[in-house]
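The next block is data-v1.pdb, given as PDB, C-alpha atoms.
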ATOM      1  CA  MET P  21     -29.362  17.158  -6.487
ATOM      2  CA  ALA P  22     -31.376  13.973  -6.396
ATOM      3  CA  SER P  23     -34.147  15.427  -8.486
ATOM      4  CA  SER P  24     -31.771  16.932 -11.041
ATOM      5  CA  SER P  25     -29.967  13.656 -11.484
ATOM      6  CA  MET P  26     -33.323  11.958 -11.842
ATOM      7  CA  LYS P  27     -34.320  14.451 -14.495
ATOM      8  CA  MET P  28     -31.035  13.793 -16.217
ATOM      9  CA  ALA P  29     -31.684  10.063 -16.098
ATOM     10  CA  LEU P  30     -35.152  10.503 -17.494
ATOM     11  CA  TRP P  31     -33.885  12.847 -20.156
ATOM     12  CA  THR P  32     -31.172  10.457 -21.226
ATOM     13  CA  ARG P  33     -33.505   7.550 -21.259
ATOM     14  CA  ASN P  34     -36.216   9.265 -23.192
ATOM     15  CA  ALA P  35     -33.810  10.780 -25.653
ATOM     16  CA  LEU P  36     -32.517   7.307 -26.332
ATOM     17  CA  ILE P  37     -35.879   5.696 -26.525
ATOM     18  CA  ARG P  38     -37.748   8.266 -28.539
ATOM     19  CA  GLY P  39     -35.703   7.477 -31.593
ATOM     20  CA  VAL P  40     -36.574   3.822 -31.322
ATOM     21  CA  ARG P  41     -40.325   3.683 -30.946
ATOM     22  CA  PRO P  42     -42.139   6.975 -30.701
ATOM     23  CA  GLN P  43     -45.539   5.427 -31.336
ATOM     24  CA  MET P  44     -45.482   3.646 -27.964
ATOM     25  CA  GLN P  45     -45.587   6.911 -26.023
ATOM     26  CA  THR P  46     -49.289   7.490 -25.618
ATOM     27  CA  ALA P  47     -50.309   8.462 -22.095
ATOM     28  CA  ALA P  48     -49.385  11.879 -20.720
ATOM     29  CA  GLY P  49     -46.518  11.736 -18.266
ATOM     30  CA  ILE P  50     -44.489  14.186 -16.204
ATOM     31  CA  ARG P  51     -43.259  17.241 -18.032
ATOM     32  CA  PHE P  52     -39.779  18.606 -17.591
ATOM     33  CA  MET P  53     -39.700  21.793 -19.698
ATOM     34  CA  SER P  54     -40.625  19.907 -22.793
ATOM     35  CA  SER P  55     -43.581  19.758 -25.097
ATOM     36  CA  LYS P  56     -42.951  16.084 -25.798
ATOM     37  CA  VAL P  57     -44.948  13.481 -23.941
ATOM     38  CA  GLN P  58     -42.759  11.634 -21.471
ATOM     39  CA  GLU P  59     -42.966   7.884 -21.075
ATOM     40  CA  THR P  60     -43.694   6.812 -17.524
ATOM     41  CA  ASP P  61     -41.548   4.210 -15.767
ATOM     42  CA  ALA P  62     -44.371   1.659 -15.951
ATOM     43  CA  GLU P  63     -44.751   2.179 -19.679
ATOM     44  CA  PHE P  64     -41.014   1.841 -20.151
ATOM     45  CA  ASP P  65     -40.936  -1.428 -18.230
ATOM     46  CA  ALA P  66     -43.951  -2.758 -20.106
ATOM     47  CA  ARG P  67     -42.423  -1.817 -23.448
ATOM     48  CA  TYR P  68     -39.170  -3.649 -22.796
ATOM     49  CA  GLU P  69     -40.942  -6.631 -21.293
ATOM     50  CA  ALA P  70     -43.140  -6.827 -24.361
ATOM     51  CA  PHE P  71     -40.096  -6.528 -26.610
ATOM     52  CA  PHE P  72     -38.353  -9.441 -24.909
ATOM     53  CA  ASN P  73     -41.571 -11.451 -24.862
ATOM     54  CA  ARG P  74     -41.994 -11.301 -28.615
ATOM     55  CA  LYS P  75     -42.345 -14.797 -29.992
ATOM     56  CA  ASP P  76     -40.150 -14.244 -33.058
ATOM     57  CA  ILE P  77     -37.329 -12.372 -31.331
ATOM     58  CA  ASP P  78     -33.836 -13.336 -32.485
ATOM     59  CA  GLY P  79     -30.403 -13.109 -30.903
ATOM     60  CA  TRP P  80     -29.575  -9.901 -32.720
ATOM     61  CA  GLU P  81     -32.639  -8.115 -31.299
ATOM     62  CA  ILE P  82     -32.065  -9.493 -27.813
ATOM     63  CA  ARG P  83     -28.531  -8.125 -27.836
ATOM     64  CA  LYS P  84     -29.749  -4.813 -29.197
ATOM     65  CA  ALA P  85     -32.287  -4.395 -26.376
ATOM     66  CA  MET P  86     -29.779  -5.560 -23.756
ATOM     67  CA  GLN P  87     -27.204  -3.145 -25.112
ATOM     68  CA  ASP P  88     -29.724  -0.291 -25.009
ATOM     69  CA  LEU P  89     -30.580  -1.144 -21.405
ATOM     70  CA  ALA P  90     -26.873  -1.281 -20.599
ATOM     71  CA  ARG P  91     -26.348   2.193 -22.034
ATOM     72  CA  MET P  92     -29.170   3.781 -19.995
ATOM     73  CA  ASP P  93     -28.806   5.299 -16.570
ATOM     74  CA  LEU P  94     -30.883   2.661 -14.826
ATOM     75  CA  VAL P  95     -31.006  -0.879 -13.534
ATOM     76  CA  PRO P  96     -33.676  -2.844 -15.423
ATOM     77  CA  GLU P  97     -36.638  -4.073 -13.415
ATOM     78  CA  PRO P  98     -36.587  -7.770 -12.433
ATOM     79  CA  THR P  99     -39.574  -8.350 -14.721
ATOM     80  CA  ILE P 100     -37.539  -7.095 -17.698
ATOM     81  CA  VAL P 101     -34.572  -9.229 -16.664
ATOM     82  CA  ALA P 102     -36.769 -12.306 -16.363
ATOM     83  CA  ALA P 103     -38.325 -11.655 -19.765
ATOM     84  CA  ALA P 104     -34.835 -11.229 -21.256
ATOM     85  CA  LEU P 105     -33.705 -14.543 -19.761
ATOM     86  CA  ARG P 106     -36.744 -16.260 -21.255
ATOM     87  CA  ALA P 107     -35.934 -14.699 -24.611
ATOM     88  CA  CYS P 108     -32.417 -16.179 -24.365
ATOM     89  CA  ARG P 109     -34.009 -19.532 -23.675
ATOM     90  CA  ARG P 110     -36.131 -19.265 -26.828
ATOM     91  CA  VAL P 111     -33.064 -18.619 -28.986
ATOM     92  CA  ASN P 112     -31.038 -21.276 -27.100
ATOM     93  CA  ASP P 113     -28.179 -18.993 -26.112
ATOM     94  CA  TYR P 114     -27.041 -19.883 -22.625
ATOM     95  CA  SER P 115     -23.916 -17.721 -22.541
ATOM     96  CA  LEU P 116     -26.021 -14.640 -23.162
ATOM     97  CA  THR P 117     -27.900 -15.170 -19.895
ATOM     98  CA  THR P 118     -24.674 -15.153 -17.894
ATOM     99  CA  ARG P 119     -23.411 -12.081 -19.696
ATOM    100  CA  PHE P 120     -26.716 -10.252 -19.207
ATOM    101  CA  LEU P 121     -26.805 -11.059 -15.486
ATOM    102  CA  GLU P 122     -23.244  -9.775 -15.228
ATOM    103  CA  VAL P 123     -24.283  -6.575 -16.963
ATOM    104  CA  VAL P 124     -27.268  -6.126 -14.646
ATOM    105  CA  LYS P 125     -25.002  -6.633 -11.669
ATOM    106  CA  PHE P 126     -22.508  -4.173 -13.102
ATOM    107  CA  LYS P 127     -25.327  -1.679 -13.638
ATOM    108  CA  CYS P 128     -26.123  -1.742  -9.909
ATOM    109  CA  GLY P 129     -22.934   0.256  -9.500
ATOM    110  CA  SER P 130     -22.245   1.437  -5.996
ATOM    111  CA  LYS P 131     -25.615   0.098  -4.799
ATOM    112  CA  GLN P 132     -24.704  -3.464  -5.718
ATOM    113  CA  ASP P 133     -25.057  -4.699  -2.160
ATOM    114  CA  GLU P 134     -28.625  -3.410  -2.008
ATOM    115  CA  ILE P 135     -29.977  -3.998  -5.499
ATOM    116  CA  TRP P 136     -28.294  -7.239  -6.585
ATOM    117  CA  PRO P 137     -29.670  -9.449  -3.752
ATOM    118  CA  TYR P 138     -33.123  -7.998  -4.427
ATOM    119  CA  MET P 139     -32.706  -8.703  -8.119
ATOM    120  CA  LEU P 140     -31.665 -12.305  -7.446
ATOM    121  CA  GLN P 141     -34.566 -12.778  -5.085
ATOM    122  CA  GLU P 142     -37.027 -11.485  -7.682
ATOM    123  CA  ILE P 143     -35.694 -13.483 -10.636
ATOM    124  CA  ARG P 144     -34.926 -16.654  -8.645
ATOM    125  CA  PRO P 145     -38.106 -18.469  -9.865
ATOM    126  CA  THR P 146     -37.125 -17.795 -13.482
ATOM    127  CA  LEU P 147     -33.540 -18.904 -12.868
ATOM    128  CA  ASP P 148     -34.734 -22.132 -11.282
ATOM    129  CA  GLU P 149     -37.312 -22.771 -13.959
ATOM    130  CA  LEU P 150     -34.879 -22.330 -16.853
ATOM    131  CA  GLY P 151     -31.880 -23.802 -15.040
ATOM    132  CA  ILE P 152     -29.715 -20.686 -15.256
ATOM    133  CA  SER P 153     -26.721 -20.175 -12.983
ATOM    134  CA  THR P 154     -25.926 -16.782 -11.554
ATOM    135  CA  PRO P 155     -22.452 -15.359 -12.242
ATOM    136  CA  GLU P 156     -21.575 -16.159  -8.625
ATOM    137  CA  GLU P 157     -22.476 -19.807  -9.069
ATOM    138  CA  LEU P 158     -20.093 -19.973 -12.019
ATOM    139  CA  GLY P 159     -17.390 -18.212 -10.026
ATOM    140  CA  TYR P 160     -17.516 -15.161 -12.255
ATOM    141  CA  ASP P 161     -17.951 -12.700  -9.406
ATOM    142  CA  LYS P 162     -14.176 -12.812  -9.100
ATOM    143  CA  PRO P 163     -11.602 -12.815 -11.908
ATOM    144  CA  GLU P 164     -10.968 -16.385 -13.003
ATOM    145  CA  LEU P 165      -8.510 -16.059 -15.890
ATOM    146  CA  ALA P 166      -6.100 -13.354 -16.931
ATOM    147  CA  LEU P 167      -5.174 -12.219 -20.415
ATOM    148  CA  PRO P 168      -1.620 -11.139 -21.143
ATOM    149  CA  ASN P 169      -1.279  -7.441 -21.766
ATOM    150  CA  PRO P 170      -0.930  -7.028 -25.564
ATOM    151  CA  TYR P 171       1.696  -4.335 -25.018
ATOM    152  CA  GLU P 172       3.832  -6.774 -23.069
ATOM    153  CA  ILE P 173       3.911  -9.357 -25.882
ATOM    154  CA  HIS P 174       7.037  -9.013 -27.972
TER     155      HIS P 174
ATOM    156  CA  MET D  13     -10.340  12.792 -17.037
ATOM    157  CA  ALA D  14     -12.854   9.991 -17.018
ATOM    158  CA  SER D  15     -13.447  10.245 -20.746
ATOM    159  CA  LYS D  16      -9.722  10.335 -21.381
ATOM    160  CA  MET D  17      -9.304   7.196 -19.333
ATOM    161  CA  ALA D  18     -12.184   5.576 -21.163
ATOM    162  CA  LEU D  19     -10.598   6.507 -24.464
ATOM    163  CA  SER D  20      -7.225   5.075 -23.589
ATOM    164  CA  ARG D  21      -8.978   2.022 -22.280
ATOM    165  CA  SER D  22     -10.929   1.520 -25.456
ATOM    166  CA  PHE D  23      -7.715   1.813 -27.453
ATOM    167  CA  ARG D  24      -6.218  -0.808 -25.244
ATOM    168  CA  LEU D  25      -9.235  -3.032 -25.795
ATOM    169  CA  TRP D  26      -8.945  -2.458 -29.491
ATOM    170  CA  GLY D  27      -5.362  -3.592 -29.350
ATOM    171  CA  ARG D  28      -6.456  -6.620 -27.423
ATOM    172  CA  ALA D  29      -9.019  -7.501 -30.081
ATOM    173  CA  LEU D  30      -6.370  -7.194 -32.744
ATOM    174  CA  VAL D  31      -4.222  -9.659 -30.901
ATOM    175  CA  VAL D  32      -7.038 -12.132 -31.126
ATOM    176  CA  GLN D  33      -7.661 -11.672 -34.803
ATOM    177  CA  ARG D  34      -5.283 -10.892 -37.619
ATOM    178  CA  ARG D  35      -6.223  -8.061 -39.900
ATOM    179  CA  SER D  36      -6.522  -8.812 -43.564
ATOM    180  CA  MET D  37      -7.706  -6.995 -46.653
ATOM    181  CA  GLY D  38     -11.221  -8.211 -47.207
ATOM    182  CA  THR D  39     -13.012  -9.384 -50.276
ATOM    183  CA  GLY D  40     -16.275 -10.231 -48.538
ATOM    184  CA  PRO D  41     -19.649  -8.505 -48.849
ATOM    185  CA  LEU D  42     -17.943  -5.259 -47.787
ATOM    186  CA  GLY D  43     -15.138  -5.718 -50.280
ATOM    187  CA  TYR D  44     -14.567  -2.000 -50.681
ATOM    188  CA  PHE D  45     -14.149  -1.578 -46.941
ATOM    189  CA  PRO D  46     -10.466  -0.665 -46.484
ATOM    190  CA  SER D  47      -9.912  -2.894 -43.509
ATOM    191  CA  ARG D  48     -11.855  -5.976 -42.613
ATOM    192  CA  LEU D  49     -11.236  -8.540 -39.979
ATOM    193  CA  ASP D  50     -10.754 -12.154 -40.825
ATOM    194  CA  ILE D  51     -13.157 -13.707 -38.351
ATOM    195  CA  GLY D  52     -12.826 -17.266 -39.585
ATOM    196  CA  LYS D  53     -15.880 -19.368 -38.887
ATOM    197  CA  ARG D  54     -17.022 -17.317 -35.933
ATOM    198  CA  GLU D  55     -20.758 -16.846 -35.810
ATOM    199  CA  VAL D  56     -21.953 -13.253 -36.222
ATOM    200  CA  VAL D  57     -24.477 -12.743 -33.447
ATOM    201  CA  GLY D  58     -25.195  -9.035 -33.159
ATOM    202  CA  PHE D  59     -24.371  -5.466 -33.943
ATOM    203  CA  GLY D  60     -21.473  -5.176 -31.526
ATOM    204  CA  LEU D  61     -19.756  -1.898 -30.796
ATOM    205  CA  THR D  62     -19.618  -0.228 -34.216
ATOM    206  CA  GLY D  63     -21.352  -2.666 -36.524
ATOM    207  CA  GLU D  64     -18.039  -4.068 -37.686
ATOM    208  CA  GLU D  65     -17.812  -7.826 -37.369
ATOM    209  CA  CYS D  66     -15.069  -8.008 -34.808
ATOM    210  CA  TYR D  67     -14.613  -8.977 -31.189
ATOM    211  CA  VAL D  68     -14.143  -5.968 -28.919
ATOM    212  CA  GLU D  69     -14.379  -6.195 -25.178
ATOM    213  CA  ASP D  70     -15.803  -3.279 -23.305
ATOM    214  CA  VAL D  71     -17.952  -3.165 -20.184
ATOM    215  CA  HIS D  72     -20.003  -0.409 -21.765
ATOM    216  CA  SER D  73     -20.615  -2.465 -24.862
ATOM    217  CA  PRO D  74     -20.779  -5.957 -23.422
ATOM    218  CA  PHE D  75     -22.288  -7.736 -26.428
ATOM    219  CA  PRO D  76     -19.677  -8.214 -29.165
ATOM    220  CA  ALA D  77     -20.750  -8.734 -32.748
ATOM    221  CA  ILE D  78     -19.193 -12.172 -33.086
ATOM    222  CA  ARG D  79     -18.545 -15.084 -30.790
ATOM    223  CA  PHE D  80     -15.069 -15.288 -29.341
ATOM    224  CA  LYS D  81     -14.267 -18.799 -30.491
ATOM    225  CA  GLU D  82     -14.878 -20.558 -33.747
ATOM    226  CA  ASP D  83     -17.317 -23.439 -33.618
ATOM    227  CA  THR D  84     -15.170 -26.507 -33.074
ATOM    228  CA  ALA D  85     -16.661 -29.972 -32.899
ATOM    229  CA  GLU D  86     -16.782 -29.890 -29.093
ATOM    230  CA  ILE D  87     -18.508 -26.545 -28.990
ATOM    231  CA  ALA D  88     -20.929 -27.628 -31.699
ATOM    232  CA  MET D  89     -21.842 -30.615 -29.525
ATOM    233  CA  LEU D  90     -22.373 -28.301 -26.582
ATOM    234  CA  ARG D  91     -24.585 -26.080 -28.695
ATOM    235  CA  GLU D  92     -26.727 -29.105 -29.522
ATOM    236  CA  LYS D  93     -26.995 -29.868 -25.822
ATOM    237  CA  GLU D  94     -27.795 -26.206 -25.191
ATOM    238  CA  LYS D  95     -30.956 -26.620 -27.224
ATOM    239  CA  GLY D  96     -32.254 -29.065 -24.616
ATOM    240  CA  ASP D  97     -32.978 -28.511 -20.949
ATOM    241  CA  TRP D  98     -30.448 -26.121 -19.444
ATOM    242  CA  LYS D  99     -30.729 -27.859 -16.079
ATOM    243  CA  LYS D 100     -28.775 -30.750 -17.611
ATOM    244  CA  LEU D 101     -25.792 -28.518 -18.388
ATOM    245  CA  THR D 102     -22.978 -29.023 -15.906
ATOM    246  CA  VAL D 103     -21.064 -26.066 -14.514
ATOM    247  CA  PRO D 104     -17.931 -26.748 -16.659
ATOM    248  CA  GLU D 105     -20.166 -26.951 -19.729
ATOM    249  CA  ARG D 106     -21.796 -23.661 -18.820
ATOM    250  CA  LYS D 107     -18.412 -22.069 -18.446
ATOM    251  CA  GLU D 108     -17.247 -23.604 -21.705
ATOM    252  CA  LEU D 109     -20.251 -22.094 -23.476
ATOM    253  CA  TYR D 110     -19.581 -18.742 -21.886
ATOM    254  CA  ARG D 111     -15.937 -18.745 -22.885
ATOM    255  CA  ALA D 112     -16.892 -19.759 -26.410
ATOM    256  CA  SER D 113     -18.887 -16.550 -26.691
ATOM    257  CA  PHE D 114     -16.849 -14.222 -24.527
ATOM    258  CA  ALA D 115     -13.143 -14.014 -23.812
ATOM    259  CA  GLN D 116     -13.356 -12.333 -20.446
ATOM    260  CA  THR D 117     -15.994 -11.874 -17.779
ATOM    261  CA  LEU D 118     -16.879  -8.333 -16.771
ATOM    262  CA  THR D 119     -15.049  -8.720 -13.466
ATOM    263  CA  GLU D 120     -11.948  -9.843 -15.324
ATOM    264  CA  MET D 121     -12.166  -6.790 -17.566
ATOM    265  CA  GLU D 122     -12.507  -4.588 -14.513
ATOM    266  CA  ALA D 123      -9.832  -6.363 -12.496
ATOM    267  CA  PRO D 124      -7.087  -4.046 -11.284
ATOM    268  CA  THR D 125      -3.903  -4.390 -13.296
ATOM    269  CA  GLY D 126      -1.530  -3.188 -10.585
ATOM    270  CA  GLU D 127      -0.212  -0.753 -13.167
ATOM    271  CA  TRP D 128      -0.238   2.069 -10.614
ATOM    272  CA  LYS D 129       2.641   0.500  -8.713
ATOM    273  CA  PRO D 130       5.329   0.858 -11.402
ATOM    274  CA  ILE D 131       3.890   4.264 -12.330
ATOM    275  CA  LEU D 132       4.173   5.488  -8.749
ATOM    276  CA  GLY D 133       7.614   3.924  -8.403
ATOM    277  CA  VAL D 134       9.014   5.494 -11.558
ATOM    278  CA  THR D 135       7.468   8.871 -10.671
ATOM    279  CA  LEU D 136       9.041   8.898  -7.230
ATOM    280  CA  PHE D 137      12.373   7.716  -8.646
ATOM    281  CA  LEU D 138      12.466  10.513 -11.226
ATOM    282  CA  SER D 139      11.423  13.071  -8.579
ATOM    283  CA  SER D 140      14.273  11.885  -6.373
ATOM    284  CA  LEU D 141      16.686  12.430  -9.280
ATOM    285  CA  GLY D 142      15.603  16.074  -9.278
ATOM    286  CA  ILE D 143      16.189  16.351  -5.555
ATOM    287  CA  TRP D 144      19.626  14.747  -5.848
ATOM    288  CA  PHE D 145      20.450  17.153  -8.642
ATOM    289  CA  TYR D 146      19.459  20.090  -6.405
ATOM    290  CA  LEU D 147      21.616  18.798  -3.561
ATOM    291  CA  TRP D 148      24.511  18.414  -5.955
ATOM    292  CA  MET D 149      24.020  22.013  -7.148
ATOM    293  CA  ARG D 150      23.938  23.200  -3.530
ATOM    294  CA  LYS D 151      27.254  21.547  -2.846
ATOM    295  CA  PHE D 152      29.235  22.222  -6.004
ATOM    296  CA  VAL D 153      27.596  25.061  -7.957
ATOM    297  CA  TYR D 154      25.767  27.590  -5.793
ATOM    298  CA  ASP D 155      27.549  30.202  -3.703
ATOM    299  CA  ASP D 156      26.826  30.536  -0.027
ATOM    300  CA  LEU D 157      23.725  32.565   0.848
ATOM    301  CA  PRO D 158      24.364  36.348   0.863
ATOM    302  CA  GLU D 159      25.313  38.103   4.099
ATOM    303  CA  THR D 160      22.022  40.029   4.109
ATOM    304  CA  MET D 161      20.255  36.743   4.653
ATOM    305  CA  THR D 162      22.637  35.065   7.062
ATOM    306  CA  ASN D 163      23.882  37.927   9.252
ATOM    307  CA  GLU D 164      21.232  38.616  11.886
ATOM    308  CA  GLU D 165      22.223  42.223  12.396
ATOM    309  CA  LEU D 166      21.867  43.009   8.723
ATOM    310  CA  VAL D 167      18.465  41.308   8.614
ATOM    311  CA  LYS D 168      17.292  43.406  11.567
ATOM    312  CA  ASP D 169      18.559  46.542   9.835
ATOM    313  CA  GLN D 170      16.594  45.606   6.762
ATOM    314  CA  ILE D 171      13.382  45.129   8.773
ATOM    315  CA  ARG D 172      13.917  48.452  10.562
ATOM    316  CA  PHE D 173      14.406  50.101   7.173
ATOM    317  CA  MET D 174      11.139  48.613   5.921
ATOM    318  CA  ILE D 175       9.192  49.727   9.011
ATOM    319  CA  GLU D 176      10.485  53.267   8.681
ATOM    320  CA  GLY D 177       9.690  53.287   5.011
ATOM    321  CA  ARG D 178       6.065  52.268   5.798
ATOM    322  CA  THR D 179       6.416  49.244   3.572
ATOM    323  CA  ASN D 180       3.033  47.780   2.614
ATOM    324  CA  PRO D 181       0.973  49.571   5.285
ATOM    325  CA  VAL D 182      -2.412  48.018   4.475
ATOM    326  CA  GLN D 183      -1.899  44.284   4.535
ATOM    327  CA  GLY D 184       1.826  43.706   4.775
ATOM    328  CA  LEU D 185       4.735  44.327   7.120
ATOM    329  CA  ALA D 186       4.042  47.915   8.228
ATOM    330  CA  SER D 187       0.385  47.160   8.937
ATOM    331  CA  ASN D 188       1.556  44.950  11.803
ATOM    332  CA  TYR D 189       3.585  47.748  13.366
ATOM    333  CA  ASP D 190       2.105  50.198  15.871
ATOM    334  CA  TYR D 191       3.832  53.510  15.093
ATOM    335  CA  GLU D 192       2.272  55.381  18.077
ATOM    336  CA  LYS D 193       3.654  52.930  20.620
ATOM    337  CA  GLY D 194       6.760  52.160  18.564
ATOM    338  CA  GLN D 195       6.363  48.405  18.730
ATOM    339  CA  TRP D 196       4.762  45.498  16.886
ATOM    340  CA  LYS D 197       1.002  45.267  17.235
ATOM    341  CA  LYS D 198      -0.056  42.582  19.678
TER     342      LYS D 198
END
Go ahead and express the file in the form of structure tokens.
Amino acid sequence: MASSSMKMALWTRNALIRGVRPQMQTAAGIRFMSSKVQETDAEFDARYEAFFNRKDIDGWEIRKAMQDLARMDLVPEPTIVAAALRACRRVNDYSLTTRFLEVVKFKCGSKQDEIWPYMLQEIRPTLDELGISTPEELGYDKPELALPNPYEIH
Amino acid sequence: MASKMALSRSFRLWGRALVVQRRSMGTGPLGYFPSRLDIGKREVVGFGLTGEECYVEDVHSPFPAIRFKEDTAEIAMLREKEKGDWKKLTVPERKELYRASFAQTLTEMEAPTGEWKPILGVTLFLSSLGIWFYLWMRKFVYDDLPETMTNEELVKDQIRFMIEGRTNPVQGLASNYDYEKGQWKK
């Protein structure tokens, strides 16, 4: 079960990624009934870190990469998260950092109690350096405001 | 089930986005596009959910194409401050910036609506109507049960008849009867 879900995760991820940048997949990886070269986890992490670390990255591209990460069956590595936060700093978009941290926390799913503290511990130096608050520090771990239901407005 | 729920949810979110922005026939760069949202002075910041410049909230697509609020003078001032050191931003300013870009936090989107309570209540109420209707039928419409069901002697006769007729000898009634000893199998 575990291995099949892992295969599924890898398949999903690679299917999503291959369309984006096939030239990055160089080294031979694990094969799962496929003639295509699979990207290893380390290569994946390095690719996204490098993407966020680009000097000329703009808000559109940051959101695109964050959205792609949000669609994949994974929680991004702390190094990727830190690089993404630095990218937000370069384009001066503070709100994006909060939203991205929320997404990462949401991506932890049922393992939130295990992964999220680890994530915070790993990215804490970056948070402190850039002066970024976690969603908890802003009180966004619990609902703060409520929107009226549009179907109840007459 | 999950996809159906997601679908209905996304329709709900769509409705929510439409509450925020009025629809208007567009004459912008996509003038031929049959429907286009009037986004005012909101900054377009990304691709969003479908590429359309509109604000849609969805936990699976958490980066809308435009900011939630238009750039007012206060927000413009905050954006200037945002270009400096973020450590100097106070918590209310951080929240203000967040709410300028996003209407709801993810936890607010995921917050339970309590909708299940009226649904459960109405379901049980309607079910009870059915039960009341049955009781009413019992009292005023249906006849009494037939004698073959209420008279014990007749019921016993029926069972004896079925045993002697070898009714369902493999798995049913007669299979439980021991014909050599003339009694029910223990």
Contacts of Glu122 in chain P at 12 Å or less, counting only C-alpha atoms, minus same-chain residues fewer than 5 places along, as a PyMOL selection string?
(chain P and resi 86+90+95+101+115-117+127-129+132+136+139-140+153-162) or (chain D and resi 71-72+74-75+110+116-122)
Of the candidates P:Phe120, P:Phe71, P:Phe64, P:Tyr138, which shows the shortest atom-to-atom distance to chain D, using all atoms listed in the file?
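Among the listed residues, P:Phe120 lies closest to chain D.
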Close residues, Ala66 in chain P itself excluded, 9 Å, all atoms listed in the file, min 4 positions apart in chain, as a PyMOL selection string:
chain P and resi 61-62+70-71+99-100
Check: which chain D residues lie within 10 Å of chain P using only C-alpha atoms, as a count of residues only:
54
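The space separating CA of Lys131 in chain P from CA of Leu89 in chain P comes to 17.4 Å.
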Where's the centre, and what are the edge lengths in Å to one decimal, of a box along x, y and z enclosing all listed atoms of range 68-79 of chain D padded 4 Å per side, as AutoDock Vina command-line options?
--center_x -18.2 --center_y -7.7 --center_z -26.6 --size_x 16.1 --size_y 22.7 --size_z 20.9
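Using all atoms listed in the file, the nearest neighbour of Glu97 in chain P within the list P:Val57, P:Ala85, P:Val124, P:Ile77 is P:Val124.
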Residue completion, range 96-100 of chain P, all heavy atoms, as a compact mmCIF listing (two decimals), in the coordinates of the input:
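In the end it all went to selection_32.txt:
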# COMPACT_ATOMS: atom_id res chain seq x y z
N PRO P 96 -32.38 -2.35 -14.96
CA PRO P 96 -33.68 -2.84 -15.42
C PRO P 96 -34.45 -3.54 -14.31
O PRO P 96 -33.88 -4.15 -13.42
CB PRO P 96 -33.31 -3.81 -16.55
CG PRO P 96 -31.85 -4.04 -16.45
CD PRO P 96 -31.26 -2.90 -15.71
N GLU P 97 -35.76 -3.42 -14.40
CA GLU P 97 -36.64 -4.07 -13.42
C GLU P 97 -36.48 -5.59 -13.51
O GLU P 97 -36.19 -6.12 -14.58
CB GLU P 97 -38.09 -3.71 -13.70
CG GLU P 97 -38.49 -2.32 -13.26
CD GLU P 97 -38.55 -2.20 -11.74
OE1 GLU P 97 -39.04 -3.13 -11.08
OE2 GLU P 97 -38.09 -1.17 -11.22
N PRO P 98 -36.68 -6.30 -12.39
CA PRO P 98 -36.59 -7.77 -12.43
C PRO P 98 -37.50 -8.40 -13.49
O PRO P 98 -37.14 -9.41 -14.10
CB PRO P 98 -37.00 -8.18 -11.03
CG PRO P 98 -36.71 -7.02 -10.17
CD PRO P 98 -36.89 -5.80 -11.02
N THR P 99 -38.67 -7.77 -13.72
CA THR P 99 -39.57 -8.35 -14.72
C THR P 99 -38.93 -8.31 -16.11
O THR P 99 -39.05 -9.26 -16.89
CB THR P 99 -40.90 -7.56 -14.76
OG1 THR P 99 -40.59 -6.18 -14.85
CG2 THR P 99 -41.73 -7.83 -13.54
N ILE P 100 -38.22 -7.20 -16.39
CA ILE P 100 -37.54 -7.10 -17.70
C ILE P 100 -36.43 -8.14 -17.78
O ILE P 100 -36.26 -8.81 -18.80
CB ILE P 100 -36.95 -5.69 -17.89
CG1 ILE P 100 -38.05 -4.63 -17.84
CG2 ILE P 100 -36.19 -5.61 -19.19
CD1 ILE P 100 -37.53 -3.21 -17.97
